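J.: Input file: structure-v4.cif. Contents: mmCIF, N, CA and C atoms.
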data_run
loop_
_atom_site.label_atom_id
_atom_site.label_comp_id
_atom_site.auth_asym_id
_atom_site.auth_seq_id
_atom_site.Cartn_x
_atom_site.Cartn_y
_atom_site.Cartn_z
N MET A 9 67.75 107.64 142.78
CA MET A 9 68.45 107.71 141.52
C MET A 9 67.66 106.98 140.43
N ASP A 10 66.97 105.93 140.82
CA ASP A 10 66.17 105.17 139.84
C ASP A 10 65.10 106.04 139.19
N ARG A 11 64.47 106.89 139.99
CA ARG A 11 63.40 107.75 139.46
C ARG A 11 63.96 108.72 138.41
N ILE A 12 65.12 109.31 138.68
CA ILE A 12 65.73 110.23 137.71
C ILE A 12 66.17 109.46 136.48
N LEU A 13 66.72 108.26 136.67
CA LEU A 13 67.12 107.43 135.53
C LEU A 13 65.92 107.14 134.63
N GLN A 14 64.78 106.82 135.21
CA GLN A 14 63.57 106.56 134.42
C GLN A 14 63.13 107.80 133.66
N ARG A 15 63.21 108.97 134.31
CA ARG A 15 62.83 110.21 133.63
C ARG A 15 63.78 110.51 132.46
N ILE A 16 65.08 110.27 132.66
CA ILE A 16 66.05 110.51 131.57
C ILE A 16 65.82 109.53 130.43
N GLU A 17 65.60 108.27 130.76
CA GLU A 17 65.34 107.28 129.71
C GLU A 17 64.06 107.60 128.95
N SER A 18 63.05 108.07 129.66
CA SER A 18 61.79 108.47 129.01
C SER A 18 62.04 109.64 128.06
N TRP A 19 62.81 110.60 128.49
CA TRP A 19 63.14 111.75 127.64
C TRP A 19 63.93 111.28 126.42
N ARG A 20 64.90 110.39 126.63
CA ARG A 20 65.71 109.90 125.51
C ARG A 20 64.84 109.17 124.47
N SER A 21 63.83 108.46 124.91
CA SER A 21 63.01 107.70 123.97
C SER A 21 62.07 108.59 123.15
N THR A 22 61.80 109.79 123.64
CA THR A 22 60.86 110.66 122.93
C THR A 22 61.52 111.90 122.33
N ARG A 23 62.78 112.12 122.58
CA ARG A 23 63.42 113.36 122.11
C ARG A 23 63.69 113.36 120.62
N ARG A 24 63.84 114.59 120.13
CA ARG A 24 64.29 114.72 118.74
C ARG A 24 65.80 114.57 118.74
N LYS A 25 66.34 114.11 117.66
CA LYS A 25 67.77 113.84 117.56
C LYS A 25 68.59 115.10 117.89
N LEU A 26 69.60 114.92 118.72
CA LEU A 26 70.56 115.96 119.12
C LEU A 26 69.94 117.12 119.91
N SER A 27 68.76 116.93 120.47
CA SER A 27 68.20 117.99 121.31
C SER A 27 68.82 117.91 122.70
N PRO A 28 69.09 119.06 123.32
CA PRO A 28 69.74 119.04 124.64
C PRO A 28 68.78 118.52 125.72
N MET A 29 69.37 117.95 126.76
CA MET A 29 68.57 117.45 127.86
C MET A 29 67.94 118.63 128.60
N PRO A 30 66.70 118.52 129.01
CA PRO A 30 66.02 119.62 129.70
C PRO A 30 66.73 120.02 131.00
N ALA A 31 66.64 121.29 131.33
CA ALA A 31 67.31 121.84 132.50
C ALA A 31 66.88 121.14 133.79
N GLU A 32 65.61 120.77 133.88
CA GLU A 32 65.12 120.12 135.12
C GLU A 32 65.79 118.77 135.34
N LEU A 33 66.09 118.05 134.24
CA LEU A 33 66.79 116.77 134.38
C LEU A 33 68.25 116.99 134.78
N TRP A 34 68.87 118.02 134.19
CA TRP A 34 70.25 118.35 134.58
C TRP A 34 70.31 118.76 136.05
N THR A 35 69.34 119.54 136.50
CA THR A 35 69.31 119.97 137.89
C THR A 35 69.22 118.76 138.83
N ALA A 36 68.38 117.81 138.48
CA ALA A 36 68.26 116.60 139.29
C ALA A 36 69.56 115.79 139.26
N ALA A 37 70.18 115.69 138.08
CA ALA A 37 71.44 114.95 137.96
C ALA A 37 72.55 115.62 138.75
N VAL A 38 72.60 116.95 138.73
CA VAL A 38 73.61 117.69 139.49
C VAL A 38 73.42 117.45 140.98
N SER A 39 72.19 117.46 141.43
CA SER A 39 71.90 117.20 142.84
C SER A 39 72.39 115.81 143.25
N LEU A 40 72.12 114.82 142.40
CA LEU A 40 72.60 113.46 142.67
C LEU A 40 74.13 113.39 142.61
N GLY A 41 74.72 114.13 141.68
CA GLY A 41 76.17 114.14 141.57
C GLY A 41 76.84 114.69 142.82
N ARG A 42 76.24 115.73 143.40
CA ARG A 42 76.78 116.28 144.65
C ARG A 42 76.63 115.28 145.80
N GLU A 43 75.53 114.53 145.79
CA GLU A 43 75.27 113.61 146.89
C GLU A 43 76.06 112.30 146.77
N TYR A 44 76.10 111.72 145.57
CA TYR A 44 76.70 110.40 145.38
C TYR A 44 78.03 110.41 144.64
N GLY A 45 78.44 111.57 144.16
CA GLY A 45 79.68 111.65 143.39
C GLY A 45 79.40 111.68 141.91
N VAL A 46 80.23 112.41 141.19
CA VAL A 46 80.03 112.60 139.74
C VAL A 46 80.23 111.30 138.97
N SER A 47 81.25 110.55 139.33
CA SER A 47 81.56 109.33 138.58
C SER A 47 80.41 108.32 138.63
N LEU A 48 79.96 108.02 139.84
CA LEU A 48 78.88 107.05 140.00
C LEU A 48 77.60 107.53 139.33
N THR A 49 77.26 108.80 139.55
CA THR A 49 76.04 109.35 138.98
C THR A 49 76.06 109.33 137.45
N SER A 50 77.18 109.76 136.87
CA SER A 50 77.26 109.79 135.40
C SER A 50 77.18 108.38 134.82
N ARG A 51 77.78 107.41 135.51
CA ARG A 51 77.76 106.04 135.03
C ARG A 51 76.33 105.47 135.08
N ILE A 52 75.65 105.64 136.19
CA ILE A 52 74.30 105.07 136.34
C ILE A 52 73.30 105.76 135.41
N LEU A 53 73.40 107.09 135.29
CA LEU A 53 72.44 107.83 134.47
C LEU A 53 72.81 107.86 132.99
N GLY A 54 74.02 107.39 132.66
CA GLY A 54 74.45 107.39 131.27
C GLY A 54 74.73 108.79 130.74
N LEU A 55 75.28 109.64 131.61
CA LEU A 55 75.60 111.02 131.22
C LEU A 55 77.10 111.18 131.03
N SER A 56 77.48 112.20 130.32
CA SER A 56 78.88 112.51 130.13
C SER A 56 79.48 112.93 131.47
N TYR A 57 80.57 112.25 131.86
CA TYR A 57 81.25 112.57 133.11
C TYR A 57 81.68 114.04 133.13
N GLY A 58 82.32 114.48 132.04
CA GLY A 58 82.82 115.85 131.98
C GLY A 58 81.72 116.89 132.07
N ALA A 59 80.61 116.65 131.37
CA ALA A 59 79.50 117.60 131.40
C ALA A 59 78.89 117.68 132.79
N LEU A 60 78.71 116.53 133.43
CA LEU A 60 78.14 116.53 134.78
C LEU A 60 79.11 117.16 135.78
N LYS A 61 80.38 116.85 135.64
CA LYS A 61 81.39 117.42 136.53
C LYS A 61 81.38 118.94 136.43
N ASP A 62 81.35 119.48 135.22
CA ASP A 62 81.33 120.93 135.03
C ASP A 62 80.08 121.55 135.64
N ARG A 63 78.94 120.92 135.46
CA ARG A 63 77.69 121.46 136.01
C ARG A 63 77.68 121.40 137.54
N VAL A 64 78.24 120.33 138.10
CA VAL A 64 78.33 120.26 139.57
C VAL A 64 79.25 121.36 140.08
N ALA A 65 80.38 121.55 139.41
CA ALA A 65 81.32 122.60 139.83
C ALA A 65 80.70 123.98 139.71
N ASP A 66 79.95 124.22 138.63
CA ASP A 66 79.31 125.53 138.44
C ASP A 66 78.22 125.78 139.47
N SER A 67 77.62 124.71 140.00
CA SER A 67 76.52 124.89 140.95
C SER A 67 77.00 125.01 142.39
N THR A 68 78.29 124.75 142.62
CA THR A 68 78.84 124.85 143.97
C THR A 68 79.03 126.31 144.32
N PRO A 69 78.57 126.74 145.50
CA PRO A 69 78.74 128.15 145.88
C PRO A 69 80.21 128.54 145.93
N ALA A 70 80.50 129.74 145.47
CA ALA A 70 81.88 130.22 145.41
C ALA A 70 82.50 130.36 146.80
N VAL A 71 81.69 130.51 147.82
CA VAL A 71 82.20 130.68 149.18
C VAL A 71 83.00 129.47 149.62
N GLY A 72 82.54 128.27 149.25
CA GLY A 72 83.21 127.05 149.69
C GLY A 72 84.41 126.67 148.85
N ARG A 73 84.60 127.33 147.74
CA ARG A 73 85.70 126.97 146.86
C ARG A 73 87.01 127.57 147.35
N ARG A 74 88.07 126.85 147.09
CA ARG A 74 89.39 127.31 147.45
C ARG A 74 89.94 128.15 146.31
N ARG A 75 90.39 129.34 146.63
CA ARG A 75 90.98 130.20 145.60
C ARG A 75 92.42 129.81 145.35
N ARG A 76 92.78 129.78 144.11
CA ARG A 76 94.18 129.51 143.76
C ARG A 76 94.86 130.83 143.51
N SER A 77 95.88 131.08 144.27
CA SER A 77 96.63 132.31 144.05
C SER A 77 97.77 132.01 143.09
N PRO A 78 98.13 132.98 142.25
CA PRO A 78 99.23 132.72 141.32
C PRO A 78 100.53 132.54 142.10
N LEU A 79 101.31 131.58 141.64
CA LEU A 79 102.60 131.35 142.28
C LEU A 79 103.55 132.47 141.90
N GLY A 80 104.40 132.82 142.80
CA GLY A 80 105.36 133.88 142.52
C GLY A 80 106.64 133.62 143.28
N PHE A 81 107.58 134.48 143.06
CA PHE A 81 108.88 134.37 143.72
C PHE A 81 109.12 135.65 144.48
N VAL A 82 109.54 135.52 145.72
CA VAL A 82 109.84 136.68 146.54
C VAL A 82 111.33 136.68 146.79
N GLU A 83 111.98 137.75 146.40
CA GLU A 83 113.42 137.87 146.62
C GLU A 83 113.65 138.51 147.99
N VAL A 84 114.50 137.89 148.77
CA VAL A 84 114.79 138.38 150.11
C VAL A 84 116.26 138.73 150.19
N ASN A 85 116.55 139.92 150.63
CA ASN A 85 117.93 140.34 150.84
C ASN A 85 118.36 139.83 152.21
N PRO A 86 119.34 138.92 152.27
CA PRO A 86 119.72 138.33 153.55
C PRO A 86 120.16 139.37 154.58
N GLY A 87 120.68 140.49 154.14
CA GLY A 87 121.13 141.52 155.06
C GLY A 87 119.99 142.13 155.86
N THR A 88 118.79 142.12 155.31
CA THR A 88 117.66 142.71 156.02
C THR A 88 117.05 141.76 157.05
N LEU A 89 117.41 140.49 157.00
CA LEU A 89 116.85 139.52 157.92
C LEU A 89 117.57 139.47 159.26
N VAL A 90 118.80 139.91 159.28
CA VAL A 90 119.62 139.79 160.49
C VAL A 90 119.73 141.15 161.17
N SER A 91 119.20 141.23 162.39
CA SER A 91 119.33 142.48 163.13
C SER A 91 120.49 142.39 164.12
N ASP A 92 120.88 141.17 164.46
CA ASP A 92 122.00 140.95 165.37
C ASP A 92 123.25 140.73 164.52
N PRO A 93 124.35 141.44 164.80
CA PRO A 93 125.55 141.27 163.97
C PRO A 93 126.19 139.89 164.07
N THR A 94 125.90 139.13 165.12
CA THR A 94 126.48 137.79 165.22
C THR A 94 125.62 136.82 164.42
N PRO A 95 126.23 136.01 163.57
CA PRO A 95 125.45 135.09 162.74
C PRO A 95 124.77 134.03 163.60
N PRO A 96 123.58 133.62 163.21
CA PRO A 96 122.88 132.57 163.97
C PRO A 96 123.53 131.21 163.74
N ALA A 97 123.26 130.29 164.64
CA ALA A 97 123.81 128.94 164.50
C ALA A 97 123.15 128.21 163.33
N ALA A 98 121.90 128.53 163.05
CA ALA A 98 121.19 127.91 161.93
C ALA A 98 120.10 128.86 161.45
N VAL A 99 119.79 128.75 160.16
CA VAL A 99 118.72 129.55 159.56
C VAL A 99 117.71 128.57 158.98
N VAL A 100 116.42 128.83 159.20
CA VAL A 100 115.36 128.00 158.65
C VAL A 100 114.57 128.84 157.66
N VAL A 101 114.47 128.34 156.42
CA VAL A 101 113.68 129.00 155.38
C VAL A 101 112.60 128.01 154.97
N GLU A 102 111.34 128.49 154.96
CA GLU A 102 110.22 127.60 154.64
C GLU A 102 109.41 128.19 153.51
N PHE A 103 109.08 127.36 152.51
CA PHE A 103 108.25 127.76 151.37
C PHE A 103 107.00 126.88 151.37
N CYS A 104 105.85 127.48 151.07
CA CYS A 104 104.60 126.74 150.92
C CYS A 104 103.94 127.19 149.63
N ASP A 105 103.37 126.23 148.87
CA ASP A 105 102.63 126.63 147.68
C ASP A 105 101.14 126.53 147.94
N SER A 106 100.35 126.89 146.94
CA SER A 106 98.89 126.95 147.12
C SER A 106 98.27 125.57 147.32
N ASP A 107 98.98 124.49 146.99
CA ASP A 107 98.48 123.14 147.19
C ASP A 107 98.83 122.59 148.57
N GLY A 108 99.58 123.37 149.35
CA GLY A 108 99.97 122.92 150.68
C GLY A 108 101.30 122.19 150.72
N CYS A 109 101.98 122.07 149.58
CA CYS A 109 103.30 121.45 149.57
C CYS A 109 104.29 122.38 150.25
N ARG A 110 105.20 121.79 151.01
CA ARG A 110 106.14 122.60 151.77
C ARG A 110 107.57 122.20 151.46
N LEU A 111 108.46 123.19 151.51
CA LEU A 111 109.90 122.97 151.42
C LEU A 111 110.50 123.71 152.60
N VAL A 112 111.21 122.97 153.45
CA VAL A 112 111.85 123.56 154.61
C VAL A 112 113.35 123.37 154.44
N ILE A 113 114.09 124.47 154.52
CA ILE A 113 115.55 124.43 154.37
C ILE A 113 116.14 124.88 155.70
N ARG A 114 116.97 124.03 156.30
CA ARG A 114 117.68 124.37 157.53
C ARG A 114 119.15 124.48 157.19
N LEU A 115 119.68 125.68 157.29
CA LEU A 115 121.07 125.95 156.93
C LEU A 115 121.92 126.11 158.18
N ARG A 116 123.02 125.42 158.21
CA ARG A 116 124.00 125.60 159.28
C ARG A 116 124.89 126.76 158.88
N ASP A 117 125.67 127.25 159.77
CA ASP A 117 126.50 128.44 159.51
C ASP A 117 127.49 128.24 158.36
N SER A 118 127.89 127.01 158.07
CA SER A 118 128.87 126.81 157.00
C SER A 118 128.29 126.03 155.82
N SER A 119 127.02 126.23 155.54
CA SER A 119 126.35 125.47 154.48
C SER A 119 126.73 126.01 153.10
N ASP A 120 126.89 125.09 152.15
CA ASP A 120 127.18 125.46 150.77
C ASP A 120 125.92 125.43 149.90
N LEU A 121 124.75 125.22 150.48
CA LEU A 121 123.51 125.17 149.72
C LEU A 121 123.12 126.56 149.23
N ASP A 122 122.46 126.58 148.10
CA ASP A 122 121.97 127.84 147.52
C ASP A 122 120.47 127.93 147.75
N PRO A 123 120.01 128.66 148.79
CA PRO A 123 118.57 128.70 149.07
C PRO A 123 117.75 129.27 147.92
N ALA A 124 118.29 130.26 147.21
CA ALA A 124 117.56 130.84 146.08
C ALA A 124 117.37 129.81 144.98
N GLY A 125 118.39 129.02 144.71
CA GLY A 125 118.28 127.97 143.69
C GLY A 125 117.30 126.88 144.10
N LEU A 126 117.31 126.51 145.37
CA LEU A 126 116.36 125.51 145.86
C LEU A 126 114.93 126.04 145.79
N ALA A 127 114.75 127.30 146.15
CA ALA A 127 113.41 127.90 146.08
C ALA A 127 112.92 127.93 144.64
N GLU A 128 113.77 128.31 143.73
CA GLU A 128 113.38 128.36 142.31
C GLU A 128 113.00 126.97 141.81
N ALA A 129 113.77 125.96 142.19
CA ALA A 129 113.45 124.59 141.78
C ALA A 129 112.11 124.15 142.39
N PHE A 130 111.85 124.56 143.62
CA PHE A 130 110.58 124.22 144.27
C PHE A 130 109.40 124.83 143.52
N TRP A 131 109.48 126.10 143.14
CA TRP A 131 108.36 126.76 142.46
C TRP A 131 108.17 126.22 141.04
N ARG A 132 109.23 125.79 140.39
CA ARG A 132 109.14 125.34 139.00
C ARG A 132 108.96 123.83 138.86
N ARG A 133 108.84 123.10 139.94
CA ARG A 133 108.82 121.64 139.87
C ARG A 133 107.66 121.07 139.08
N ARG A 134 106.59 121.82 138.90
CA ARG A 134 105.41 121.30 138.18
C ARG A 134 105.28 121.86 136.77
N SER A 135 106.23 122.61 136.32
CA SER A 135 106.09 123.18 134.97
C SER A 135 106.45 122.19 133.91
#
Will you turn the file into structure tokens for me?

T.:
Amino acid sequence: MDRILQRIESWRSTRRKLSPMPAELWTAAVSLGREYGVSLTSRILGLSYGALKDRVADSTPAVGRRRRSPLGFVEVNPGTLVSDPTPPAAVVVEFCDSDGCRLVIRLRDSSDLDPAGLAEAFWRRRS
């Protein structure tokens, strides 16, 4: 990291005002950011945390990134879930969002809970 810091300081001492940092220095900084973390690297090299973070994110292969799927609501008709005419002793409804948060609802046969209302509150909790 010291070698890259010296190269950046050398560039800063000879650059024209407001000229962008050369791509080769950014490439080296991004490599260090991936290895040592963006916060530490930006602090030691005197770079903008946000700029380095964006460049590290842009350089990460898309294969390793987690895709965020849009959240949605699925309406379920309770009549289609039961194939046996006798009601079950308990019903379990489970919701998971893209962040891995889970809501599990266990309903007894005489429950007064509104599963649709609970599901809606679960999906909207971060808005």

J.: Residues within 8 Å of Gly41 of chain A, please, as a ChimeraX atom specification. Count all atoms listed in the file; anything in the same chain fewer than 6 positions from it doesn't count.

T.: /A:35,47-50,60-61,64

J.: Taking every listed atom of segment 10-22 of chain A and adding 6 Å to each side, what centre and edge lengths in Å (one decimal) does the axis-aligned box have, as lines of an AutoDock Vina configuration file?

T.:
center_x = 64.0
center_y = 108.5
center_z = 131.6
size_x = 18.3
size_y = 18.7
size_z = 30.5

J.: For Val112 of chain A, please output as a PyMOL selection string all residues within 6.5 Å (counting only N, CA and C atoms; exclusion window: fewer than 4 positions along the same chain).

T.: chain A and resi 100-103

J.: At what distance in Å, to one decimal, does atom CA of Arg63 of chain A lie from atom C of Leu40 of chain A?

T.: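 Going from atom C of Leu40 of chain A over to atom CA of Arg63 of chain A covers 11.0 Å.
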
J.: What's the separation between atom N of Ser18 of chain A and atom CA of Asp62 of chain A, in Å to one decimal place?

T.: 23.0 Å

J.: So that I can check the surroundings of Ile12 of chain A, please list as a PyMOL selection string every protein, DNA and RNA residue that reaches within 7 Å of it, counting all atoms listed in the file and ignoring chain neighbours fewer than 4 positions away.

T.: chain A and resi 16-17+36+53

J.: Give me, please, the distance in Å between atom CA of Leu115 of chain A and atom C of Val99 of chain A, quoted to one decimal.

T.: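 Interatomic distance, atom CA of Leu115 of chain A to atom C of Val99 of chain A: 4.7 Å.
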
J.: Extract the full set of helix (DSSP H, G or I) residues from segment 17-65 of chain A according to DSSP on the backbone, and format it as a count of residues only.

T.: 37
